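Worksheet: the structure to be examined is printed underneath.
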Amino acid sequence: MLIVQDAVPADANWLAELTRPFGEDARIAGTFARQVPSADASGVARRNLEAWVAARAEPRTVGPLRADEFRALRPIERLDLCAFDNVCSCIRRDVWQRHRFNRVPIAEDLEWARDVLLDGWKLAYTPAACVRHSHDRSAMYEWRRTYLAHRRLMELFALSTIPSLGGLLTAIATTTVVHARVWSRQPSTMRELGRALALGVAWPLGQYLGARAARRGAPERTFSGV
């Protein structure tokens with residue numbers, strides 16, 4: 001079982017629910033839990049988390065996956081199918097003995113998920129197992145993390161969410177407006193508004209530059225603390 005240090009179980013049944021699928025299907029390689037925002041999370045953090053598979057209310061089981069099926073999917077479909085989040089997850093022991101996380105800057109869980117699905121296993125998302133987990137981090141930190149993540153998404157799934165400069169400018173304009181609206185519904189401080197607007201630039205810019213670096217074969221970058 002894997003859980004990060006700042007994920008807090010939402011109730012006493014989370015572990016039983018997280019492990020339940022293993023007893024129901026011998027081909028389940030791993031399960032992962034639902035994440036809900038912390039009580040003090042900002043509106044922008046809540047909105048960002050809502051977009052991720054691990055925030056959905058509906059359970060799902062995916063796999064196995066053949067190589068030709070994987071190649072036929074659109075890049076965004078590859079990511080959705082291979083979604084796995086080790087913020088709170090559980091992995092079958094014999095699968096772990098064959099498939100370990102690789103030493104990579106980020107997205108080791110997504111790479112692992114892709115590999116086990118292609119090896120004939122299944123993955124289960126179990127929202128009945130729930131943890132509180134969210135972050136309100138600086139725009140610089142989020143830019144660096146997004147850059148690394150989207151470089152990996154390009155490498156793993158050929159996914160470029162913002163492939164052009166025009167798309168980047170549109171994404172920045174749209175996201176900053178949305179973040180301002182989100183802040184206005186739950187106004188706090190002007191500093192928080194500034195951070196929300198800065199994130200409206202940092203997230204799209206990280207997506208664009210990370211994928212572009214992967215396409216161009218640019219040298220790997222590392223960032224301290226990310």
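Chain labels run A, B, ... following the order of the structure tokens; each chain numbers its residues from 1, and ligands are numbered from 1 in the order shown.
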Quick one: which range 85-159 of chain A residues come within 7 Å of range 204-217 of chain A, and what is the nearest atom pair for each with the distance in Å to one decimal, counting only C-alpha atoms, rows ordered by chain and ascending number, as a Markdown table?
```
| residue | atom | partner | partner_atom | distance |
| --- | --- | --- | --- | --- |
| A:Trp143 | CA | A:Gly206 | CA | 5.1 |
| A:Arg144 | CA | A:Gly206 | CA | 6.8 |
| A:Thr146 | CA | A:Gly206 | CA | 4.9 |
| A:Tyr147 | CA | A:Gly206 | CA | 4.1 |
| A:Leu148 | CA | A:Gly210 | CA | 6.1 |
| A:His150 | CA | A:Gly210 | CA | 5.0 |
| A:Arg151 | CA | A:Gly210 | CA | 4.2 |
| A:Met154 | CA | A:Ala211 | CA | 5.5 |
| A:Glu155 | CA | A:Ala214 | CA | 6.4 |
```
For the selection you just gave me, I'd like the residues written to a file as a compact mmCIF listing (two decimals), in the first residue's frame, keeping N, CA and C atoms.
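Once written, again.txt looks like this:
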```txt
# COMPACT_ATOMS: atom_id res chain seq x y z
N TRP A 143 4.66 25.76 -12.09
CA TRP A 143 5.21 25.80 -13.44
C TRP A 143 6.24 24.68 -13.63
N ARG A 144 7.13 24.53 -12.67
CA ARG A 144 8.16 23.50 -12.78
C ARG A 144 7.57 22.11 -12.80
N THR A 146 4.50 21.24 -13.64
CA THR A 146 3.72 21.04 -14.86
C THR A 146 4.63 20.80 -16.06
N TYR A 147 5.73 21.54 -16.13
CA TYR A 147 6.71 21.33 -17.20
C TYR A 147 7.19 19.87 -17.19
N LEU A 148 7.62 19.38 -16.04
CA LEU A 148 8.12 18.01 -15.95
C LEU A 148 7.02 17.00 -16.28
N HIS A 150 4.29 17.36 -18.14
CA HIS A 150 3.85 17.34 -19.53
C HIS A 150 4.96 16.93 -20.49
N ARG A 151 6.18 17.07 -20.09
CA ARG A 151 7.24 16.44 -20.87
C ARG A 151 7.06 14.92 -20.83
N MET A 154 4.12 13.65 -22.93
CA MET A 154 4.48 13.56 -24.35
C MET A 154 5.28 12.30 -24.62
N GLU A 155 6.21 11.99 -23.74
CA GLU A 155 7.04 10.80 -23.91
C GLU A 155 6.24 9.51 -23.77
```
Q. Hey, what does DSSP flag as strand (DSSP E) within range 76-146 of chain A? Can you give it to me as a PyMOL selection string?
A. chain A and resi 88-91+122-132
If you run DSSP on this backbone, which residues of chain A come out as alpha helix (DSSP H), and could you give them as a CSV table (one decimal) with C-alpha atoms, in the first residue's frame?
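Result file is states-v9.csv:
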```csv
chain,number,residue,atom,x,y,z
A,14,TRP,CA,-10.7,3.6,3.3
A,15,LEU,CA,-8.2,0.7,3.5
A,16,ALA,CA,-10.8,-2.0,3.3
A,17,GLU,CA,-12.3,-0.4,0.3
A,18,LEU,CA,-8.9,0.2,-1.4
A,19,THR,CA,-8.1,-3.5,-1.1
A,20,ARG,CA,-11.6,-4.9,-1.9
A,21,PRO,CA,-11.1,-5.3,-5.7
A,22,PHE,CA,-8.1,-7.7,-5.2
A,23,GLY,CA,-10.4,-10.3,-3.7
A,24,GLU,CA,-13.0,-9.8,-6.5
A,43,GLY,CA,-11.2,27.5,-5.0
A,44,VAL,CA,-8.5,27.2,-7.7
A,45,ALA,CA,-7.0,24.1,-6.0
A,46,ARG,CA,-10.5,22.6,-5.8
A,47,ARG,CA,-11.1,23.3,-9.5
A,48,ASN,CA,-7.8,21.8,-10.5
A,49,LEU,CA,-8.3,18.6,-8.6
A,50,GLU,CA,-11.8,18.2,-10.0
A,67,ALA,CA,-0.4,-2.8,-27.9
A,68,ASP,CA,-2.4,-2.3,-31.1
A,69,GLU,CA,-5.3,-1.0,-29.0
A,70,PHE,CA,-3.0,1.4,-27.2
A,71,ARG,CA,-1.6,2.7,-30.5
A,72,ALA,CA,-5.1,3.2,-32.0
A,75,PRO,CA,-3.2,10.6,-26.8
A,76,ILE,CA,-5.8,12.0,-24.4
A,77,GLU,CA,-7.5,8.6,-24.4
A,78,ARG,CA,-4.2,6.9,-23.6
A,79,LEU,CA,-3.7,9.1,-20.5
A,80,ASP,CA,-7.3,8.6,-19.3
A,81,LEU,CA,-7.1,4.8,-19.7
A,93,ARG,CA,2.6,-8.1,-4.5
A,94,ASP,CA,3.4,-10.4,-7.3
A,95,VAL,CA,2.9,-7.6,-9.9
A,96,TRP,CA,5.2,-5.4,-7.9
A,97,GLN,CA,7.9,-8.0,-8.0
A,98,ARG,CA,7.7,-7.9,-11.8
A,108,GLU,CA,6.3,7.0,-12.4
A,109,ASP,CA,2.7,5.8,-11.5
A,110,LEU,CA,1.4,6.6,-15.0
A,111,GLU,CA,4.3,4.7,-16.7
A,112,TRP,CA,3.8,1.8,-14.3
A,113,ALA,CA,0.0,1.7,-15.2
A,114,ARG,CA,0.7,1.7,-18.9
A,115,ASP,CA,3.2,-1.1,-18.6
A,116,VAL,CA,1.0,-3.4,-16.4
A,117,LEU,CA,-2.1,-2.8,-18.6
A,118,LEU,CA,0.0,-3.8,-21.7
A,139,ALA,CA,3.1,29.6,-9.3
A,140,MET,CA,6.8,28.9,-9.8
A,141,TYR,CA,6.6,25.5,-8.2
A,142,GLU,CA,3.5,24.6,-10.3
A,143,TRP,CA,5.2,25.8,-13.4
A,144,ARG,CA,8.2,23.5,-12.8
A,145,ARG,CA,6.0,20.5,-11.8
A,146,THR,CA,3.7,21.0,-14.9
A,147,TYR,CA,6.7,21.3,-17.2
A,148,LEU,CA,8.1,18.0,-15.9
A,149,ALA,CA,4.7,16.3,-16.0
A,150,HIS,CA,3.8,17.3,-19.5
A,151,ARG,CA,7.2,16.4,-20.9
A,152,ARG,CA,6.6,12.9,-19.5
A,153,LEU,CA,3.0,12.9,-20.9
A,154,MET,CA,4.5,13.6,-24.3
A,155,GLU,CA,7.0,10.8,-23.9
A,156,LEU,CA,4.6,8.3,-22.5
A,157,PHE,CA,1.4,9.0,-24.5
A,165,LEU,CA,1.9,29.3,-29.5
A,166,GLY,CA,-1.6,30.5,-30.4
A,167,GLY,CA,-3.1,27.8,-28.3
A,168,LEU,CA,-0.9,28.8,-25.4
A,169,LEU,CA,-2.0,32.5,-25.6
A,170,THR,CA,-5.6,31.4,-25.7
A,171,ALA,CA,-5.2,29.0,-22.8
A,172,ILE,CA,-3.5,31.7,-20.7
A,173,ALA,CA,-6.3,34.2,-21.4
A,174,THR,CA,-9.0,31.7,-20.7
A,175,THR,CA,-7.5,30.3,-17.6
A,176,THR,CA,-6.7,33.6,-15.9
A,177,VAL,CA,-10.3,34.7,-16.5
A,178,VAL,CA,-11.6,31.5,-15.0
A,179,HIS,CA,-9.3,31.7,-12.0
A,180,ALA,CA,-10.4,35.3,-11.3
A,181,ARG,CA,-14.0,34.2,-11.4
A,182,VAL,CA,-13.3,31.3,-9.1
A,183,TRP,CA,-11.5,33.6,-6.7
A,184,SER,CA,-14.5,36.1,-6.8
A,185,ARG,CA,-16.9,33.4,-5.5
A,190,MET,CA,-5.4,40.2,-3.0
A,191,ARG,CA,-2.3,38.1,-2.6
A,192,GLU,CA,-4.4,35.0,-3.2
A,193,LEU,CA,-5.9,36.6,-6.3
A,194,GLY,CA,-2.4,37.3,-7.6
A,195,ARG,CA,-1.4,33.7,-7.0
A,196,ALA,CA,-4.6,32.5,-8.8
A,197,LEU,CA,-3.8,34.7,-11.8
A,198,ALA,CA,-0.1,33.6,-11.8
A,199,LEU,CA,-1.3,30.0,-11.9
A,200,GLY,CA,-3.4,30.9,-15.0
A,201,VAL,CA,-0.1,31.6,-16.7
A,202,ALA,CA,2.1,28.9,-15.0
A,203,TRP,CA,0.0,25.9,-15.8
A,204,PRO,CA,-0.6,26.5,-19.6
A,205,LEU,CA,3.1,27.6,-20.0
A,206,GLY,CA,4.3,24.5,-18.3
A,207,GLN,CA,2.1,22.3,-20.5
A,208,TYR,CA,3.3,24.0,-23.7
A,209,LEU,CA,7.0,24.1,-22.9
A,210,GLY,CA,7.2,20.6,-21.4
A,211,ALA,CA,5.6,18.9,-24.4
A,212,ARG,CA,7.7,21.0,-26.8
A,213,ALA,CA,10.9,20.0,-25.0
A,214,ALA,CA,10.0,16.3,-25.4
A,215,ARG,CA,9.2,16.7,-29.1
A,216,ARG,CA,12.5,18.5,-29.7
```
Compile a residue-level contact table for range 2-92 of chain A against range 122-129 of chain A at a cut-off of 6 Å, reporting for every qualifying residue the shortest atom pair and its distance in Å to one decimal, with only C-alpha atoms counted, rows ordered by chain and ascending number, as CSV.
```
residue,atom,partner,partner_atom,distance
A:Trp14,CA,A:Ala129,CA,4.1
A:Glu17,CA,A:Ala129,CA,5.1
A:Leu18,CA,A:Ala129,CA,5.3
A:Arg27,CA,A:Lys122,CA,5.8
A:Ile28,CA,A:Lys122,CA,4.6
A:Ala29,CA,A:Lys122,CA,5.6
A:Gly30,CA,A:Leu123,CA,5.2
A:Thr31,CA,A:Ala124,CA,4.7
A:Phe32,CA,A:Tyr125,CA,5.2
A:Ala33,CA,A:Ala129,CA,5.1
A:Arg34,CA,A:Pro127,CA,4.5
A:Ala57,CA,A:Pro127,CA,5.9
A:Pro59,CA,A:Thr126,CA,5.3
A:Arg60,CA,A:Tyr125,CA,5.3
A:Thr61,CA,A:Ala124,CA,4.3
A:Val62,CA,A:Leu123,CA,5.4
A:Gly63,CA,A:Lys122,CA,4.4
A:Pro64,CA,A:Lys122,CA,5.2
```
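Considering only C-alpha atoms, the residue among A:Ala10, A:Ala83, A:Leu73, A:Val104 positioned nearest to Arg221 in chain A is A:Val104.
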Q) Could you name the residues that touch Met1 in chain A at 7 Å or less, counting only C-alpha atoms, but leaving out those on the same chain fewer than 3 positions away, as a list of chain:residue names? A)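 Returned residues: A:Ser89, A:Cys90, A:Ile91.
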Q. Using only C-alpha atoms, which residue out of A:Asn13, A:Gln186, A:Asn86, A:Thr161 lies closest to Cys130 in chain A?
A.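 So, comparing all the options, the nearest one is A:Asn13.
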Q) Of the candidates A:Asp25, A:His135, A:Gln5, A:Gly225, which shows the shortest atom-to-atom distance to Ala41 in chain A, using only C-alpha atoms? A)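 Between A:Asp25, A:His135, A:Gln5, A:Gly225, the residue approaching Ala41 in chain A most closely is A:His135.
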